[in-house]
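The file data-v2.cif comes next; it holds mmCIF, C-alpha atoms.
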```cif
data_start
loop_
_atom_site.label_atom_id
_atom_site.label_comp_id
_atom_site.auth_asym_id
_atom_site.auth_seq_id
_atom_site.Cartn_x
_atom_site.Cartn_y
_atom_site.Cartn_z
CA MET A 10 6.85 9.25 28.49
CA PHE A 11 8.76 6.81 26.29
CA GLU A 12 5.59 6.25 24.33
CA THR A 13 5.36 9.97 23.58
CA ILE A 14 8.99 10.21 22.51
CA ALA A 15 8.66 7.09 20.35
CA PHE A 16 5.45 8.35 18.75
CA TYR A 17 6.93 11.69 17.72
CA LEU A 18 10.24 10.18 16.63
CA PHE A 19 8.61 7.59 14.40
CA SER A 20 6.04 10.10 13.11
CA VAL A 21 8.79 12.41 11.89
CA LEU A 22 10.75 9.50 10.42
CA THR A 23 7.73 7.99 8.65
CA ILE A 24 6.57 11.30 7.20
CA ALA A 25 10.09 12.12 6.01
CA MET A 26 10.52 8.71 4.38
CA PHE A 27 7.18 8.82 2.60
CA TRP A 28 7.81 12.39 1.50
CA ILE A 29 11.07 11.25 -0.08
CA THR A 30 9.17 8.39 -1.73
CA VAL A 31 6.69 10.66 -3.48
CA THR A 32 9.09 13.48 -4.39
CA THR A 33 12.45 11.97 -5.34
CA LYS A 34 13.57 11.72 -8.94
CA HIS A 35 15.49 8.47 -8.48
CA SER A 36 13.35 5.36 -8.30
CA LEU A 37 15.98 3.53 -6.24
CA TYR A 38 15.73 6.22 -3.55
CA ALA A 39 11.95 5.92 -3.68
CA LEU A 40 12.11 2.16 -3.17
CA THR A 41 14.50 2.28 -0.22
CA ALA A 42 12.62 5.15 1.41
CA LEU A 43 9.36 3.24 1.03
CA ALA A 44 10.91 0.15 2.64
CA ALA A 45 12.20 2.23 5.55
CA GLY A 46 8.79 3.86 5.97
CA MET A 47 7.12 0.44 6.14
CA ILE A 48 9.50 -0.65 8.91
CA PHE A 49 8.86 2.56 10.84
CA ILE A 50 5.11 2.03 10.54
CA SER A 51 5.49 -1.36 12.21
CA ALA A 52 6.91 0.58 15.18
CA PHE A 53 3.51 2.24 15.63
CA PHE A 54 1.88 -1.19 15.72
CA PHE A 55 4.29 -2.28 18.46
CA ILE A 56 3.60 0.90 20.44
CA LEU A 57 -0.14 0.25 20.13
CA GLY A 58 0.26 -3.27 21.50
CA ALA A 59 -0.60 -4.94 18.19
CA ASP A 60 2.48 -7.13 18.11
CA PHE A 61 1.10 -9.54 15.55
CA MET A 62 0.27 -6.75 13.11
CA GLY A 63 3.76 -5.30 13.52
CA VAL A 64 5.39 -8.60 12.66
CA VAL A 65 3.03 -9.13 9.72
CA GLN A 66 3.84 -5.61 8.50
CA ILE A 67 7.57 -6.34 8.53
CA ILE A 68 7.27 -9.78 6.93
CA VAL A 69 4.71 -8.93 4.26
CA TYR A 70 5.67 -5.38 3.32
CA ALA A 71 9.39 -5.16 4.00
CA GLY A 72 9.85 -8.77 2.92
CA ALA A 73 7.47 -9.84 0.19
CA VAL A 74 6.17 -6.62 -1.34
CA MET A 75 9.58 -4.96 -1.39
CA ALA A 76 11.11 -8.05 -3.01
CA LEU A 77 8.43 -7.88 -5.71
CA TYR A 78 9.07 -4.20 -6.30
CA SER A 79 12.82 -4.65 -6.48
CA PHE A 80 12.25 -7.40 -9.03
CA GLY A 81 10.11 -4.99 -11.02
CA MET A 82 12.78 -2.30 -10.80
CA MET A 83 15.40 -4.72 -12.07
CA PHE A 84 13.13 -5.56 -14.99
CA PHE A 85 12.18 -2.02 -15.94
CA ASP A 86 14.68 0.60 -17.00
CA THR A 87 15.01 2.55 -13.77
CA THR A 88 18.42 4.07 -14.25
CA ARG A 89 17.14 7.14 -16.05
CA GLU A 90 15.71 9.99 -14.04
CA LEU A 91 11.99 10.26 -13.63
CA HIS A 92 10.39 13.42 -14.85
CA GLU A 93 6.96 14.55 -13.80
CA LYS A 94 5.22 17.12 -15.86
CA SER A 95 2.21 18.79 -14.32
CA SER A 96 0.23 19.00 -17.51
CA ASN A 97 -3.21 19.71 -16.11
CA ALA A 98 -2.89 22.31 -13.36
CA LYS A 99 -6.64 22.90 -13.17
CA LEU A 100 -7.38 19.23 -12.52
CA VAL A 101 -4.68 18.99 -9.84
CA PHE A 102 -5.98 22.16 -8.21
CA GLY A 103 -9.57 20.90 -8.20
CA LEU A 104 -8.67 17.45 -6.88
CA SER A 105 -6.48 18.90 -4.11
CA GLY A 106 -9.22 21.32 -3.11
CA ALA A 107 -11.83 18.58 -3.00
CA ALA A 108 -9.53 16.33 -0.95
CA ALA A 109 -8.79 19.14 1.51
CA LEU A 110 -12.52 19.86 1.85
CA ILE A 111 -13.25 16.19 2.57
CA VAL A 112 -10.51 16.12 5.23
CA VAL A 113 -12.00 19.21 6.89
CA PHE A 114 -15.43 17.57 6.96
CA MET A 115 -13.95 14.35 8.35
CA VAL A 116 -12.12 16.16 11.14
CA ALA A 117 -15.02 18.47 11.95
CA ALA A 118 -17.67 15.74 11.86
CA PRO A 119 -19.19 14.88 15.25
CA ILE A 120 -17.90 11.53 16.44
CA VAL A 121 -20.52 9.31 18.00
CA GLY A 122 -18.25 7.49 20.38
CA GLY A 123 -20.25 7.35 23.56
CA ASN A 124 -22.08 4.08 23.22
CA ILE A 125 -19.61 2.03 21.18
CA GLU A 126 -19.26 -1.49 22.55
CA ALA A 127 -16.42 -3.80 21.71
CA HIS A 128 -17.63 -6.87 19.83
CA TYR A 129 -14.36 -8.70 20.29
CA PRO A 130 -12.81 -7.02 23.33
CA ILE A 131 -9.08 -7.10 23.99
CA VAL A 132 -8.69 -9.33 27.03
CA GLU A 133 -5.94 -8.93 29.58
CA GLY A 134 -3.66 -11.81 30.41
CA ILE A 135 -3.23 -13.49 27.03
CA GLY A 136 -0.83 -12.42 24.32
CA ASN A 137 -1.79 -10.41 21.28
CA SER A 138 -1.00 -13.18 18.80
CA GLN A 139 -3.04 -15.72 20.75
CA ALA A 140 -6.02 -13.39 21.01
CA ILE A 141 -5.80 -12.52 17.32
CA GLY A 142 -5.74 -16.20 16.48
CA MET A 143 -8.82 -16.82 18.58
CA VAL A 144 -10.76 -14.03 16.86
CA LEU A 145 -9.41 -14.81 13.41
CA PHE A 146 -10.23 -18.50 13.44
CA THR A 147 -13.69 -18.15 14.94
CA LYS A 148 -15.43 -14.94 13.90
CA TYR A 149 -13.35 -14.16 10.80
CA LEU A 150 -12.78 -17.69 9.50
CA VAL A 151 -14.70 -17.23 6.24
CA PRO A 152 -12.98 -13.93 5.29
CA PHE A 153 -9.66 -15.56 6.17
CA GLU A 154 -10.28 -18.44 3.79
CA VAL A 155 -11.54 -16.08 1.09
CA ALA A 156 -8.36 -14.01 1.48
CA ALA A 157 -6.31 -17.20 1.13
CA VAL A 158 -8.11 -18.09 -2.12
CA MET A 159 -7.63 -14.51 -3.34
CA LEU A 160 -3.89 -14.69 -2.68
CA LEU A 161 -3.75 -17.98 -4.60
CA VAL A 162 -5.60 -16.38 -7.53
CA ALA A 163 -3.21 -13.41 -7.45
CA MET A 164 -0.20 -15.72 -7.41
CA ILE A 165 -1.47 -17.68 -10.41
CA ALA A 166 -2.26 -14.44 -12.24
CA GLY A 167 1.24 -13.12 -11.58
CA ILE A 168 2.87 -16.31 -12.83
CA VAL A 169 0.68 -16.46 -15.94
CA MET A 170 1.21 -12.82 -16.88
CA ALA A 171 4.86 -12.25 -16.02
CA GLY A 172 6.38 -15.70 -15.92
CA LYS A 173 6.36 -16.85 -19.53
CA LYS A 174 8.99 -15.99 -22.11
CA MET A 175 10.96 -13.50 -20.08
CA ASP A 176 13.77 -13.64 -22.65
CA GLU A 177 11.97 -12.01 -25.57
CA SER A 178 10.85 -8.41 -25.84
CA TYR A 179 7.43 -7.73 -27.25
CA SER A 180 8.34 -4.14 -28.10
CA GLU A 181 10.62 -5.35 -30.89
CA LEU A 182 7.90 -7.43 -32.54
CA SER A 183 5.04 -6.23 -34.70
CA GLU A 184 1.42 -6.58 -33.66
CA GLU A 185 0.86 -9.53 -36.04
CA GLU A 186 3.81 -11.44 -34.64
CA ILE A 187 2.53 -10.92 -31.11
CA ASP A 188 -0.91 -12.14 -32.12
CA THR A 189 0.47 -15.28 -33.74
CA LYS A 190 2.65 -15.94 -30.70
CA ASN A 191 -0.35 -15.56 -28.42
CA ALA A 192 -2.40 -17.90 -30.63
CA GLU A 193 0.37 -20.49 -30.48
CA GLY A 194 0.56 -20.14 -26.74
CA ILE A 195 -3.16 -20.70 -26.32
CA ALA A 196 -3.38 -23.60 -28.79
CA MET B 25 1.86 14.48 27.41
CA GLU B 26 -0.41 11.59 26.72
CA ILE B 27 -0.69 10.29 23.18
CA THR B 28 -4.37 10.06 22.28
CA LEU B 29 -6.33 8.59 19.43
CA THR B 30 -6.42 12.02 17.77
CA HIS B 31 -2.63 12.03 17.45
CA TYR B 32 -2.73 8.79 15.51
CA LEU B 33 -5.63 9.90 13.33
CA VAL B 34 -3.84 13.16 12.47
CA LEU B 35 -0.70 11.17 11.61
CA ALA B 36 -2.75 8.85 9.39
CA THR B 37 -4.33 11.85 7.66
CA VAL B 38 -0.92 13.40 6.99
CA LEU B 39 0.42 10.16 5.55
CA PHE B 40 -2.72 9.74 3.45
CA SER B 41 -2.25 13.27 2.08
CA ILE B 42 1.35 12.46 1.16
CA GLY B 43 0.09 9.39 -0.69
CA LEU B 44 -2.52 11.51 -2.50
CA ILE B 45 0.18 13.98 -3.56
CA GLY B 46 2.15 11.04 -4.94
CA VAL B 47 -0.86 9.72 -6.85
CA MET B 48 -1.48 13.14 -8.39
CA ARG B 49 2.03 14.05 -9.46
CA ARG B 50 3.61 10.77 -10.51
CA LYS B 51 3.65 9.74 -14.18
CA ASN B 52 5.68 6.55 -13.79
CA LEU B 53 3.34 3.67 -13.01
CA LEU B 54 5.77 1.97 -10.62
CA MET B 55 5.99 5.19 -8.58
CA LEU B 56 2.19 5.34 -8.67
CA PHE B 57 2.14 1.88 -7.06
CA PHE B 58 4.42 3.17 -4.31
CA ALA B 59 1.95 5.98 -3.61
CA THR B 60 -0.93 3.51 -3.32
CA GLU B 61 1.11 1.50 -0.81
CA ILE B 62 1.45 4.68 1.27
CA LEU B 63 -2.33 5.17 1.14
CA LEU B 64 -2.99 1.62 2.33
CA ASN B 65 -0.44 1.89 5.13
CA SER B 66 -1.84 5.14 6.48
CA VAL B 67 -5.28 3.55 6.71
CA ASN B 68 -3.73 0.60 8.55
CA ILE B 69 -2.29 2.94 11.18
CA ALA B 70 -5.70 4.51 11.76
CA LEU B 71 -7.43 1.11 12.04
CA VAL B 72 -4.92 -0.30 14.52
CA ALA B 73 -5.00 2.88 16.61
CA ILE B 74 -8.79 2.79 16.79
CA SER B 75 -8.60 -0.90 17.68
CA HIS B 76 -6.24 -0.08 20.55
CA TYR B 77 -8.16 2.87 21.98
CA TYR B 78 -11.58 1.26 21.80
CA GLY B 79 -10.31 -2.10 23.02
CA ASP B 80 -11.70 -4.04 20.07
CA PHE B 81 -9.98 -6.50 17.78
CA THR B 82 -12.05 -5.65 14.70
CA GLY B 83 -9.68 -2.89 13.60
CA GLN B 84 -6.66 -5.17 13.67
CA MET B 85 -8.57 -7.78 11.70
CA PHE B 86 -9.43 -5.22 9.03
CA ALA B 87 -5.80 -4.08 8.85
CA PHE B 88 -4.76 -7.71 8.45
CA PHE B 89 -7.09 -8.23 5.50
CA ILE B 90 -5.98 -4.91 3.97
CA ILE B 91 -2.40 -6.19 4.04
CA ALA B 92 -3.51 -9.40 2.28
CA ILE B 93 -5.32 -7.39 -0.39
CA ALA B 94 -2.32 -5.08 -0.86
CA ALA B 95 -0.04 -8.07 -1.39
CA SER B 96 -2.28 -9.58 -4.08
CA GLU B 97 -2.70 -6.16 -5.71
CA VAL B 98 1.07 -5.85 -6.03
CA ALA B 99 1.38 -9.33 -7.55
CA VAL B 100 -1.30 -8.79 -10.19
CA GLY B 101 -0.30 -5.18 -10.88
CA LEU B 102 3.36 -5.99 -11.39
CA GLY B 103 2.39 -8.85 -13.71
CA LEU B 104 0.33 -6.48 -15.84
CA LEU B 105 3.12 -3.90 -15.72
CA VAL B 106 5.68 -6.45 -16.93
CA LEU B 107 3.39 -7.40 -19.83
CA TRP B 108 2.92 -3.74 -20.76
CA PHE B 109 6.64 -3.04 -20.55
CA LYS B 110 7.48 -6.04 -22.75
CA ARG B 111 5.08 -4.79 -25.38
CA TYR B 112 5.58 -1.01 -25.37
CA ASN B 113 8.95 -0.58 -23.62
CA THR B 114 7.65 2.17 -21.34
CA ILE B 115 5.56 2.43 -18.19
CA ASP B 116 4.66 6.08 -18.48
CA LEU B 117 1.06 6.90 -17.70
CA ASP B 118 0.81 9.38 -20.57
CA ASN B 119 1.32 6.67 -23.17
CA MET B 120 -1.66 4.65 -21.96
CA THR B 121 -4.25 6.49 -23.98
CA GLN B 122 -5.68 3.55 -25.87
CA MET B 123 -8.92 3.62 -23.93
CA LYS B 124 -9.37 7.34 -24.71
CA GLY B 125 -9.98 8.21 -21.10
#
```

Encoded form (structure tokens):
Amino acid sequence: MFETIAFYLFSVLTIAMFWITVTTKHSLYALTALAAGMIFISAFFFILGADFMGVVQIIVYAGAVMALYSFGMMFFDTTRELHEKSSNAKLVFGLSGAAALIVVFMVAAPIVGGNIEAHYPIVEGIGNSQAIGMVLFTKYLVPFEVAAVMLLVAMIAGIVMAGKKMDESYSELSEEEIDTKNAEGIA
Amino acid sequence: MEITLTHYLVLATVLFSIGLIGVMRRKNLLMLFFATEILLNSVNIALVAISHYYGDFTGQMFAFFIIAIAASEVAVGLGLLVLWFKRYNTIDLDNMTQMKG
């Protein structure tokens, strides 16, 4: 009973928050609505018994990703209102139609669910985090390490691209000056 | 009323559609990033729900790696965006026509 109430409550909240995110004209509203939606999504993970995923969702999305985005919004000029112009109505119409058609096919497709066996079954008696750790560090060890290397690469890329010379604006320089600056930086 | 897997899949589809609407109508690249986050999150809901209802950890593992990929995407994307903004002082999608796409 409580599960049902929680599901519908958080569904409405999440949909409302994400709708605000994609429709609002103020980027600050979009950011805060997105952060709230991320937190509400973690509620679904808790309802589904995936405690570890819920905590990761809060830490990574509401913590790290939102901090990155708020840094970006401080850097860019976000005080002016956003304006969306729907220049190509035909393209939007065609893409929406195609997406709706694909959704219909996905929903109407026969689901072969009769003989699915769990490779890594959820065992009773041990906690979700413990079980996740056991699966993650045995069967998914190589993808885990690859993901770690990928995060390291992304971190270095972010530092290299955004970190240097934050005090000068390239838009006030000419192309030649930028090229000479880049050459000096490389040399 | 019992909440079934279908409820969660319908919810994920609705959220994915909202993300698609955002991708189609936004011109500001930062707002476009927000819409892609919504897409990734809706898929995460579907994966975790399937993992719960079929009693298998694979879905949660996939959602975990999707979160890792989303985090690195944000780091690299914001770095590129900062470079672009420093050079052209705008992050509007309409101005990025150098590749003649």

>> I'd like the interatomic distance between atom CA of Val47 of chain B and atom CA of Phe88 of chain B, to a tenth of an Å.
In response: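 Computing the Euclidean distance for atom CA of Val47 of chain B and atom CA of Phe88 of chain B yields 23.5 Å.
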
> In Å to one decimal, how far is atom CA of Leu35 of chain B from atom CA of Val112 of chain A?
Replying inline: 12.7 Å

>> Could you list, as a ChimeraX atom specification, every residue matched by the PyMOL selection byres ((chain A and resi 31) around 12) in this structure?
In response: /A:24-30,32-36,38-43,46,91,93 /B:39-52,54-63

> In Å, with one decimal, what is the gap from atom CA of Gly58 of chain A to atom CA of Val72 of chain B?
Replying inline: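 Straight-line distance from atom CA of Gly58 of chain A to atom CA of Val72 of chain B works out to 9.2 Å.
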
>> Measuring between all atoms listed in the file, which one of A:Met47, A:Ile187, A:Ile141, A:Val158 shows the shortest distance to Tyr112 of chain B?
In response: A:Ile187

> Got a sec to pull out which chain B residues are within 6 Å of chain A, counting all atoms listed in the file, and send them as a PyMOL selection string?
Replying inline: chain B and resi 46+51+79-81+96+99-100+103+106+110-113

> From the set B:Leu64, B:Leu53, B:Met25, B:Val34, which residue has the shortest atom-to-atom contact distance to Ala87 of chain B, counting all atoms listed in the file?
Replying inline: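 Result for the nearest residue to Ala87 of chain B: B:Leu64.
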
Would you kindly return, as a PDB file with C-alpha atoms, keeping the file's coordinate frame, each protein, DNA or RNA residue with an atom no farther than 9 Å from any atom of Ile90 of chain B, considering only C-alpha atoms and excluding same-chain residues fewer than 6 positions away?
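Output file out.pdb follows:
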```pdb
ATOM      1  CA  LEU B  64      -2.990   1.620   2.330  1.00  0.00           C
ATOM      2  CA  ASN B  65      -0.440   1.890   5.130  1.00  0.00           C
ATOM      3  CA  VAL B  67      -5.280   3.550   6.710  1.00  0.00           C
ATOM      4  CA  ASN B  68      -3.730   0.600   8.550  1.00  0.00           C
TER       5      ASN B  68
END
```

> With all atoms listed in the file as the basis for distance, which of A:Asn97, A:Glu186, A:Phe114, A:Val64 is at the shortest distance from Asp118 of chain B?
Replying inline: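 Of all the options, A:Asn97 lies closest to Asp118 of chain B.
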
>> Ranking B:Met120, B:Ala95, B:Leu107, B:Ile74 by minimum distance to His31 of chain B and counting all atoms listed in the file, which one comes first?
In response: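 Under the stated criterion, the closest residue is B:Ile74.
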
> Within 9 Å of Leu33 of chain B, counting only C-alpha atoms, which residues qualify if same-chain residues fewer than 6 places away don't, as a PyMOL selection string?
Replying inline: chain B and resi 69-70+73-74
